[in-house]
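**Q** Provided below: run-v5.cif, containing mmCIF, C-alpha atoms.
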data_model
#
loop_
_atom_site.label_atom_id
_atom_site.label_comp_id
_atom_site.auth_asym_id
_atom_site.auth_seq_id
_atom_site.Cartn_x
_atom_site.Cartn_y
_atom_site.Cartn_z
CA MET A 30 10.69 -4.52 -16.35
CA GLU A 31 14.30 -3.37 -16.57
CA ASP A 32 13.38 -0.42 -18.80
CA LEU A 33 11.04 1.30 -16.33
CA GLN A 34 11.58 5.04 -16.02
CA PRO A 35 11.27 7.41 -13.03
CA ILE A 36 7.92 9.08 -12.43
CA THR A 37 8.88 12.45 -13.89
CA LEU A 38 7.13 15.15 -15.85
CA SER A 39 8.62 17.71 -18.23
CA GLY A 40 10.68 20.25 -16.28
CA LEU A 41 10.18 18.42 -12.98
CA ASP A 42 13.29 17.12 -11.22
CA PRO A 43 12.97 13.54 -9.87
CA VAL A 44 13.41 14.52 -6.23
CA ARG A 45 12.74 12.24 -3.27
CA PRO A 46 10.16 12.30 -1.99
CA LEU A 47 8.00 13.37 -4.90
CA THR A 48 4.79 14.57 -3.26
CA ILE A 49 1.40 14.47 -4.96
CA ALA A 50 -1.31 16.28 -3.02
CA GLY A 51 -4.86 17.53 -3.32
CA PRO A 52 -8.41 16.79 -2.20
CA CYS A 53 -9.94 13.34 -2.09
CA SER A 54 -12.67 14.63 -4.40
CA ALA A 55 -13.09 17.57 -6.71
CA GLU A 56 -16.28 19.01 -5.21
CA THR A 57 -16.71 22.49 -6.65
CA GLU A 58 -14.63 24.66 -8.93
CA GLU A 59 -14.02 27.08 -6.08
CA GLN A 60 -12.79 24.31 -3.74
CA VAL A 61 -10.51 22.85 -6.42
CA ILE A 62 -8.91 26.20 -7.29
CA GLU A 63 -8.53 27.43 -3.71
CA THR A 64 -6.88 24.19 -2.60
CA ALA A 65 -4.56 24.29 -5.61
CA ARG A 66 -3.53 27.90 -4.90
CA GLN A 67 -2.67 27.06 -1.30
CA LEU A 68 -0.73 23.93 -2.28
CA ALA A 69 1.19 25.78 -5.00
CA ALA A 70 2.13 28.42 -2.44
CA GLU A 71 3.63 25.61 -0.32
CA GLY A 72 5.72 24.30 -3.21
CA ILE A 73 3.62 21.30 -4.29
CA THR A 74 4.01 20.66 -8.01
CA ILE A 75 1.58 17.80 -8.71
CA TYR A 76 -2.10 18.30 -7.82
CA ARG A 77 -4.43 15.34 -7.33
CA ALA A 78 -8.23 15.32 -7.24
CA GLY A 79 -10.71 12.49 -7.69
CA LEU A 80 -13.27 13.12 -10.43
CA TRP A 81 -14.85 9.68 -10.52
CA LYS A 82 -15.33 8.33 -7.01
CA PRO A 83 -16.32 4.67 -6.65
CA ARG A 84 -17.90 4.34 -3.21
CA THR A 85 -18.30 1.23 -1.08
CA LYS A 86 -22.08 1.74 -0.95
CA PRO A 87 -24.40 3.60 -3.33
CA GLY A 88 -25.91 6.90 -2.28
CA GLY A 89 -22.74 8.76 -1.33
CA PHE A 90 -20.97 11.45 -3.32
CA GLU A 91 -19.56 9.70 -6.39
CA GLY A 92 -17.66 12.57 -7.95
CA VAL A 93 -18.40 15.36 -10.40
CA GLY A 94 -17.15 13.34 -13.35
CA ALA A 95 -15.81 14.78 -16.58
CA GLN A 96 -16.97 18.33 -15.84
CA GLY A 97 -14.12 18.53 -13.30
CA LEU A 98 -11.56 18.27 -16.11
CA ALA A 99 -12.13 21.94 -16.92
CA TRP A 100 -11.35 22.78 -13.29
CA LEU A 101 -8.08 20.84 -13.49
CA ARG A 102 -7.15 22.67 -16.69
CA ARG A 103 -7.73 25.91 -14.82
CA VAL A 104 -5.43 24.67 -12.02
CA LYS A 105 -2.69 24.10 -14.60
CA ALA A 106 -3.22 27.48 -16.22
CA GLU A 107 -3.32 29.50 -13.00
CA THR A 108 -0.72 27.70 -10.85
CA GLY A 109 1.55 25.88 -13.29
CA MET A 110 1.01 22.64 -11.37
CA TYR A 111 0.68 19.27 -13.03
CA VAL A 112 -2.62 17.48 -12.41
CA ALA A 113 -3.53 13.87 -11.62
CA THR A 114 -6.74 11.91 -11.22
CA GLU A 115 -7.99 8.34 -10.75
CA VAL A 116 -9.30 6.28 -13.67
CA ALA A 117 -11.31 3.08 -13.47
CA THR A 118 -12.69 2.54 -16.97
CA ARG A 119 -11.74 2.97 -20.62
CA GLU A 120 -13.98 6.04 -20.76
CA HIS A 121 -12.20 7.63 -17.80
CA VAL A 122 -8.81 7.17 -19.49
CA THR A 123 -10.01 8.64 -22.77
CA ALA A 124 -11.61 11.65 -21.08
CA ALA A 125 -8.66 12.30 -18.76
CA LEU A 126 -6.07 12.18 -21.54
CA ALA A 127 -8.20 14.37 -23.80
CA GLY A 128 -8.68 16.76 -20.88
CA GLY A 129 -4.94 17.27 -20.37
CA VAL A 130 -4.43 15.24 -17.18
CA ASP A 131 -0.69 14.68 -16.69
CA LEU A 132 -0.66 11.63 -14.39
CA LEU A 133 -3.16 8.84 -13.81
CA TRP A 134 -3.61 6.50 -10.90
CA ILE A 135 -5.66 3.31 -10.65
CA GLY A 136 -7.53 2.63 -7.43
CA ALA A 137 -7.45 -0.39 -5.13
CA ARG A 138 -10.84 -1.76 -6.17
CA THR A 139 -9.94 -1.53 -9.85
CA ALA A 140 -6.49 -3.07 -9.35
CA ALA A 141 -8.19 -6.14 -7.87
CA ASN A 142 -10.11 -6.77 -11.14
CA PRO A 143 -7.99 -8.17 -14.02
CA PHE A 144 -10.80 -7.47 -16.51
CA ALA A 145 -10.89 -3.77 -15.54
CA MET A 146 -7.09 -3.57 -15.57
CA GLN A 147 -6.92 -5.00 -19.08
CA GLU A 148 -9.56 -2.54 -20.28
CA ILE A 149 -7.54 0.36 -18.88
CA ALA A 150 -4.31 -1.06 -20.32
CA ASP A 151 -5.89 -1.28 -23.78
CA ALA A 152 -7.05 2.36 -23.50
CA LEU A 153 -3.51 3.45 -22.51
CA ARG A 154 -1.79 1.69 -25.41
CA GLY A 155 0.05 4.20 -27.58
CA HIS A 156 0.11 6.93 -24.92
CA ASP A 157 3.10 8.14 -22.92
CA VAL A 158 1.71 9.13 -19.54
CA PRO A 159 2.85 8.31 -15.98
CA VAL A 160 0.60 5.72 -14.31
CA LEU A 161 0.51 4.65 -10.66
CA VAL A 162 -1.25 1.44 -9.59
CA LYS A 163 -2.60 1.18 -6.05
CA ASN A 164 -2.39 -2.16 -4.26
CA PRO A 165 -5.55 -4.29 -4.37
CA VAL A 166 -7.76 -4.15 -1.29
CA SER A 167 -6.71 -7.69 -0.34
CA PRO A 168 -3.09 -8.52 0.61
CA ASP A 169 -2.36 -10.34 -2.65
CA LEU A 170 1.08 -9.50 -4.03
CA GLU A 171 0.64 -11.57 -7.20
CA LEU A 172 -2.59 -9.72 -8.03
CA TRP A 173 -0.79 -6.40 -7.55
CA ILE A 174 2.12 -7.46 -9.76
CA GLY A 175 -0.33 -8.73 -12.38
CA ALA A 176 -2.07 -5.34 -12.46
CA VAL A 177 1.28 -3.61 -12.96
CA GLN A 178 2.30 -6.04 -15.70
CA ARG A 179 -0.87 -5.32 -17.70
CA ILE A 180 -0.05 -1.61 -17.75
CA TYR A 181 3.59 -2.33 -18.58
CA ASN A 182 2.56 -4.60 -21.45
CA ALA A 183 0.55 -1.69 -22.89
CA GLY A 184 3.81 0.19 -23.36
CA ILE A 185 3.74 2.42 -20.29
CA ARG A 186 7.26 2.90 -18.92
CA ARG A 187 6.76 5.77 -16.47
CA LEU A 188 5.05 3.31 -14.17
CA GLY A 189 4.88 3.05 -10.39
CA VAL A 190 2.72 1.81 -7.54
CA ILE A 191 0.93 3.28 -4.54
CA HIS A 192 0.91 1.46 -1.21
CA ARG A 193 -2.41 2.38 0.43
CA GLY A 194 -2.74 -0.51 2.89
CA PHE A 195 -4.94 -3.60 2.94
CA THR A 196 -8.33 -4.47 4.30
CA SER A 197 -8.07 -6.60 7.45
CA ILE A 198 -10.73 -8.37 9.49
CA ASP A 199 -8.91 -7.31 12.66
CA LYS A 200 -9.68 -3.91 14.11
CA SER A 201 -6.53 -1.88 14.51
CA LEU A 202 -5.17 1.62 14.65
CA TYR A 203 -5.37 1.93 10.88
CA ARG A 204 -8.15 2.24 8.34
CA ASN A 205 -6.18 -0.09 6.07
CA HIS A 206 -3.43 -2.18 7.63
CA PRO A 207 -0.01 -1.26 6.13
CA MET A 208 1.42 -4.80 6.02
CA TRP A 209 4.78 -3.30 5.09
CA ALA A 210 6.19 -6.72 4.21
CA ILE A 211 4.16 -6.77 0.99
CA PRO A 212 5.57 -3.59 -0.62
CA ILE A 213 9.02 -4.62 0.64
CA GLU A 214 8.68 -7.93 -1.20
CA LEU A 215 7.40 -6.08 -4.27
CA HIS A 216 10.55 -3.95 -4.20
CA ARG A 217 12.69 -7.08 -3.93
CA ARG A 218 10.94 -8.59 -6.93
CA ILE A 219 10.93 -5.41 -9.08
CA PRO A 220 13.70 -3.17 -7.65
CA ASN A 221 13.34 -0.33 -10.20
CA LEU A 222 9.56 0.06 -9.75
CA PRO A 223 8.87 3.39 -7.96
CA ILE A 224 6.77 3.03 -4.80
CA PHE A 225 4.63 5.83 -3.41
CA CYS A 226 2.93 5.72 -0.02
CA ASP A 227 -0.64 6.88 0.63
CA PRO A 228 -0.66 7.59 4.38
CA SER A 229 -4.12 9.15 4.11
CA HIS A 230 -5.79 5.87 3.20
CA ILE A 231 -3.58 3.71 5.41
CA GLY A 232 -4.23 5.79 8.51
CA GLY A 233 -7.73 7.05 7.88
CA LYS A 234 -7.02 9.82 10.42
CA ARG A 235 -5.10 13.02 9.79
CA GLU A 236 -2.98 12.58 12.93
CA LEU A 237 -1.49 9.38 11.49
CA ILE A 238 -0.31 10.95 8.23
CA ALA A 239 2.99 12.31 9.58
CA PRO A 240 4.24 9.10 11.27
CA LEU A 241 3.18 6.95 8.32
CA ALA A 242 4.89 9.28 5.85
CA GLN A 243 8.08 9.07 7.91
CA GLN A 244 7.87 5.27 7.99
CA ALA A 245 7.62 5.25 4.21
CA MET A 246 10.69 7.46 3.93
CA ASP A 247 12.58 5.25 6.38
CA MET A 248 11.86 2.31 4.07
CA GLY A 249 13.17 4.16 1.03
CA PHE A 250 9.86 4.82 -0.73
CA ASP A 251 10.09 7.20 -3.67
CA GLY A 252 7.18 9.49 -2.95
CA LEU A 253 3.94 10.32 -1.18
CA ILE A 254 0.37 10.89 -2.29
CA ILE A 255 -1.56 12.74 0.40
CA GLU A 256 -5.09 14.08 0.56
CA SER A 257 -5.16 17.84 1.24
CA HIS A 258 -8.21 20.10 1.27
CA CYS A 259 -8.60 23.86 1.81
CA SER A 260 -11.27 23.09 4.43
CA PRO A 261 -10.92 19.42 5.46
CA ASP A 262 -13.77 19.38 7.98
CA ASP A 263 -16.18 20.42 5.21
CA ALA A 264 -14.98 17.79 2.70
CA TRP A 265 -17.66 15.76 0.93
CA SER A 266 -15.67 12.52 1.22
CA ASP A 267 -13.08 11.11 3.64
CA LYS A 268 -12.89 14.31 5.71
CA ALA A 269 -11.15 12.61 8.66
CA GLN A 270 -8.04 11.78 6.62
CA GLN A 271 -7.56 15.11 4.82
CA ILE A 272 -5.26 17.90 5.99
CA THR A 273 -4.80 21.54 5.09
CA PRO A 274 -2.07 22.55 2.63
CA GLN A 275 -0.27 24.27 5.51
CA ALA A 276 -0.32 21.09 7.62
CA LEU A 277 0.97 19.14 4.63
CA ALA A 278 3.85 21.58 4.18
CA TYR A 279 4.75 21.27 7.87
CA ILE A 280 4.83 17.46 7.59
CA CYS A 281 6.99 17.57 4.46
CA ARG A 282 9.45 20.04 6.00
CA ASN A 283 9.95 17.78 9.00
CA LEU A 284 10.44 14.50 7.15
CA VAL A 285 13.83 12.90 7.71
CA ILE A 286 15.08 11.63 4.35
CA ARG A 287 17.55 8.78 4.78
CA GLN A 288 20.50 8.40 2.45
CA THR A 289 19.78 5.43 0.22
CA THR A 290 23.42 5.05 -0.90
CA ALA A 291 25.19 5.16 2.47
CA HIS A 292 27.97 2.67 3.21
CA THR A 293 26.96 -0.37 5.26
CA GLU A 294 30.29 -1.72 6.49
CA SER A 295 29.49 -0.63 10.05
CA LEU A 296 26.40 -2.84 9.99
CA SER A 297 28.37 -6.06 9.64
CA GLU A 298 28.42 -6.83 13.37
CA LEU A 299 24.69 -6.27 13.73
CA ARG A 300 24.02 -8.34 10.63
CA ASP A 301 26.10 -11.15 12.10
CA GLN A 302 23.81 -11.02 15.14
CA ILE A 303 20.77 -11.27 12.85
CA ASP A 304 22.26 -14.28 11.09
CA LYS A 305 22.87 -16.04 14.41
CA LEU A 306 19.34 -15.25 15.62
CA ASP A 307 17.91 -16.59 12.36
CA ASP A 308 19.87 -19.81 12.89
CA GLN A 309 18.35 -20.09 16.36
CA LEU A 310 14.86 -19.45 14.99
CA LEU A 311 15.29 -22.26 12.46
CA GLU A 312 16.46 -24.63 15.17
CA LEU A 313 13.46 -23.74 17.35
CA LEU A 314 11.03 -24.16 14.46
CA THR A 315 12.57 -27.54 13.64
CA HIS A 316 12.12 -28.60 17.25
CA ARG A 317 8.52 -27.35 17.21
CA MET A 318 7.75 -29.39 14.10
CA ARG A 319 9.15 -32.50 15.76
CA VAL A 320 6.70 -31.93 18.62
CA SER A 321 3.92 -31.39 16.08
CA ARG A 322 4.71 -34.77 14.54
CA ASP A 323 4.58 -36.34 18.01
CA ILE A 324 1.14 -34.79 18.45
CA GLY A 325 0.20 -36.21 15.07
CA GLU A 326 1.24 -39.70 16.26
CA TYR A 327 -0.96 -39.32 19.35
CA LYS A 328 -3.95 -38.16 17.27
CA LYS A 329 -3.45 -41.06 14.90
CA GLU A 330 -3.38 -43.59 17.74
CA HIS A 331 -6.55 -42.12 19.28
CA ASP A 332 -8.47 -41.41 16.04
CA MET A 333 -8.51 -37.69 16.69
CA PRO A 334 -8.93 -35.08 13.90
CA VAL A 335 -5.83 -33.11 12.99
CA LEU A 336 -7.43 -29.68 13.22
CA GLN A 337 -8.42 -28.54 16.71
CA ALA A 338 -10.10 -25.22 15.86
CA SER A 339 -10.77 -24.00 19.39
CA ARG A 340 -7.17 -24.64 20.45
CA TYR A 341 -5.88 -22.82 17.36
CA GLU A 342 -8.10 -19.75 17.86
CA GLU A 343 -7.13 -19.53 21.53
CA LEU A 344 -3.42 -19.75 20.66
CA LEU A 345 -3.74 -17.16 17.89
CA ALA A 346 -5.50 -14.62 20.12
CA ARG A 347 -3.19 -15.17 23.10
CA ARG A 348 0.06 -14.96 21.17
CA ALA A 349 -1.06 -11.95 19.12
CA ALA A 350 -1.96 -10.08 22.31
CA GLN A 351 1.38 -11.09 23.83
CA ALA A 352 3.20 -9.78 20.75
CA VAL A 353 1.53 -6.38 21.11
CA GLN A 354 2.70 -6.20 24.72
CA LEU A 355 6.22 -6.91 23.52
CA GLY A 356 6.10 -4.07 21.00
CA MET A 357 5.35 -6.07 17.87
CA ASP A 358 2.53 -5.69 15.39
CA ARG A 359 -0.57 -7.84 15.98
CA GLU A 360 -1.09 -8.54 12.27
CA PHE A 361 2.53 -9.54 11.84
CA MET A 362 2.29 -12.06 14.66
CA ARG A 363 -0.98 -13.47 13.34
CA THR A 364 0.67 -13.96 9.93
CA VAL A 365 3.67 -15.73 11.49
CA LEU A 366 1.49 -17.98 13.64
CA GLN A 367 -0.79 -18.84 10.74
CA ALA A 368 2.23 -19.90 8.65
CA ILE A 369 3.61 -22.01 11.50
CA HIS A 370 0.21 -23.59 12.09
CA GLU A 371 -0.17 -24.48 8.41
CA GLU A 372 3.20 -26.24 8.43
CA SER A 373 2.30 -28.03 11.69
CA ILE A 374 -0.91 -29.30 10.11
CA ARG A 375 1.04 -30.46 7.05
CA GLN A 376 3.49 -32.33 9.27
CA GLN A 377 0.65 -34.03 11.17
CA MET A 378 -1.10 -34.98 7.92
CA GLU A 379 2.12 -36.65 6.80
CA VAL A 380 2.09 -38.70 10.00
CA LEU A 381 -1.51 -39.81 9.36
CA LYS A 382 -0.52 -41.02 5.90
CA GLU A 383 2.35 -43.18 7.20
#
Output the file's structure as structure tokens, nothing else.
**A**
Amino acid sequence: MEDLQPITLSGLDPVRPLTIAGPCSAETEEQVIETARQLAAEGITIYRAGLWKPRTKPGGFEGVGAQGLAWLRRVKAETGMYVATEVATREHVTAALAGGVDLLWIGARTAANPFAMQEIADALRGHDVPVLVKNPVSPDLELWIGAVQRIYNAGIRRLGVIHRGFTSIDKSLYRNHPMWAIPIELHRRIPNLPIFCDPSHIGGKRELIAPLAQQAMDMGFDGLIIESHCSPDDAWSDKAQQITPQALAYICRNLVIRQTTAHTESLSELRDQIDKLDDQLLELLTHRMRVSRDIGEYKKEHDMPVLQASRYEELLARRAAQAVQLGMDREFMRTVLQAIHEESIRQQMEVLKE
């Protein structure tokens, strides 16, 4: 994907961060226009609003559909903003492009379905429009990359992704756990792929938007997509995670944007420390695996099963809680421990085969 292009629109400078903002859902023409006017007054240039809203359960507000395209055209005419919306089917793509939508994004549920992604890719073939692909709901990097590749293979070059967090069985501070390691690995694999952060969906609460947006900037993300409503408490969907245009402007003004091209010579000493600590970690893990093999020998001699589920669950809970007390993320520690446990089981299985 060496020929990917920045997410730009005609006459719009590729600044960092590029901020896309607007309501979760287009509810009424009045709400759409009023929110757009307030956002335009705060300097926002790309307006987002969901027209088709796939909900987790039936019965909720599922969007106004294609009739909202006329409202977005009015936003463009009256404010000069570009407009963006989510698409999930071939019909959505066709309607949005015919309706003058400037940027499309693909939601997390859709990104998890290769059949849906291929349908959208086929509908996009022959068009030159920026497309952003949200991460799938599950923490599956290969599935995310596959979704991006389908859109790329359709000829889309102004292509990027949106990190909106992942569903986790563990209750935490967030609506969707950020699992920052996954977008970081995506950037390592495809360095020129623009990454936007969706702090609204990660946090699920408006008070978390500012710190999450700053984290994204600290990691060098290219932009933000944030839900903003002229009257958030009256929103028809996801009211808890929407903010006013004025609150959004305050957050954006106070973001600290790190220099991505700064010299790193002064980091050499600290990096040397990291290298030494990594060496120590490897030595400790090697020692741990030797003990695991000794445990495997004991289990073999006494006809014991390799997996001791109760012991594993107790260890996982205890160490994860300990990690939180030490200032680390619970999900991170669970991931580390799960990987170590899998290798320990593999080592013990090797002993049983001997």
**Q** Within 8 Å of Lys163 of chain A, counting all atoms listed in the file, which residues qualify if same-chain residues fewer than 5 places away don't, as a list in words?
**A**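 Counting all atoms listed in the file, the residues come to Trp134, Ile135, Gly136, Ala137, Ala140, Trp173, Val190, Ile191, His192 and Arg193 of chain A.
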**Q** Using only C-alpha atoms, find the one residue out of A:Ala65, A:Ile211, A:Ile73, A:Ile219 that sits nearest to Leu101 of chain A.
**A**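 Answer, going by the shortest atom-to-atom distance: A:Ala65.
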**Q** Given the file above and the PyMOL selection byres ((chain A and resi 48) around 7), which residues are selected, and can you give them as an NGL selection string?
**A** :A and (46-47 or 49-50 or 73 or 252-254)
**Q** Could you list, as a PyMOL selection string, every residue matched by the PyMOL selection byres ((chain A and resi 81) around 9) in this structure?
**A** chain A and resi 54-55+79-80+82-83+91-95+114-117+121
**Q** Can you list what the PyMOL selection byres ((chain A and resi 183-188) around 7) grabs from this structure, as a ChimeraX atom specification?
**A** /A:32-36,150-151,153-155,157-161,179-182,189
**Q** Please, what distance in Å, to one decimal, runs between atom CA of Leu68 of chain A and atom CA of Ser229 of chain A?
**A**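 Pair atom CA of Leu68 of chain A / atom CA of Ser229 of chain A returns 16.5 Å.
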**Q** For Ala145 of chain A, which residue out of A:Ala69, A:Ser373, A:Arg119, A:Lys234 is the nearest one, using all atoms listed in the file?
**A** A:Arg119
**Q** When you count only C-alpha atoms, which of these residues is closest to Pro274 of chain A: A:Ala350, A:Ala113, A:Leu170, A:Ala70?
**A**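 Selected residue with least distance to Pro274 of chain A: A:Ala70.
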**Q** Tell me which protein, DNA and RNA residues are within 8 Å of Trp100 of chain A, counting all atoms listed in the file, leaving out same-chain ones fewer than 5 positions away, and put them as a ChimeraX atom specification.
**A** /A:58,61-62
**Q** Which residues are near Tyr203 of chain A? Cut-off 9 Å, all atoms listed in the file, ignore same chain within fewer than 6 positions. Put them as a short mmCIF file (atom, residue, chain, number, x, y, z; two decimals) with C-alpha atoms, in the frame of the given file.
**A**
data_model
loop_
_atom_site.label_atom_id
_atom_site.label_comp_id
_atom_site.auth_asym_id
_atom_site.auth_seq_id
_atom_site.Cartn_x
_atom_site.Cartn_y
_atom_site.Cartn_z
CA GLY A 194 -2.74 -0.51 2.89
CA HIS A 230 -5.79 5.87 3.20
CA ILE A 231 -3.58 3.71 5.41
CA GLY A 232 -4.23 5.79 8.51
CA GLY A 233 -7.73 7.05 7.88
CA LYS A 234 -7.02 9.82 10.42
CA LEU A 237 -1.49 9.38 11.49
#
**Q** Can you work out which one of A:Glu214, A:Glu360, A:Asp307, A:Asp251 has the shortest atom-to-atom distance to Asp227 of chain A, counting all atoms listed in the file?
**A**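 Using all atoms listed in the file, Asp227 of chain A sits closest to A:Asp251.
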**Q** Return the single residue from A:Leu336, A:Arg45, A:Pro87, A:Arg319 that is closest to Met246 of chain A, with distances computed using only C-alpha atoms.
**A** A:Arg45
**Q** Find the distance between atom CA of Val365 of chain A and atom CA of Ser339 of chain A and write it in Å to one decimal.
**A**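 These atoms are spaced 18.4 Å apart.
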**Q** Rank nothing, just name the residue among A:Ile272, A:Ile174, A:Val335, A:Leu126 nearest to Val162 of chain A, using only C-alpha atoms.
**A**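 Of A:Ile272, A:Ile174, A:Val335, A:Leu126, the one nearest Val162 of chain A is A:Ile174, counting only C-alpha atoms.
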**Q** Which residues are near Met378 of chain A? Cut-off 10 Å, all atoms listed in the file, ignore same chain within fewer than 6 positions. Put them as a list of chain:residue names.
**A**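 Result of the neighbour search: A:Arg322, A:Gly325, A:Glu326, A:Lys329, A:Pro334, A:Val335, A:Leu336, A:Glu372.
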**Q** Find the axis-aligned box for segment 140-155 of chain A, covering all its listed atoms and adding 6 Å on each side, and write its centre and edge lengths in Å to one decimal as AutoDock Vina command-line options.
**A**
--center_x -5.4 --center_y -2.0 --center_z -17.7 --size_x 22.9 --size_y 24.4 --size_z 31.7
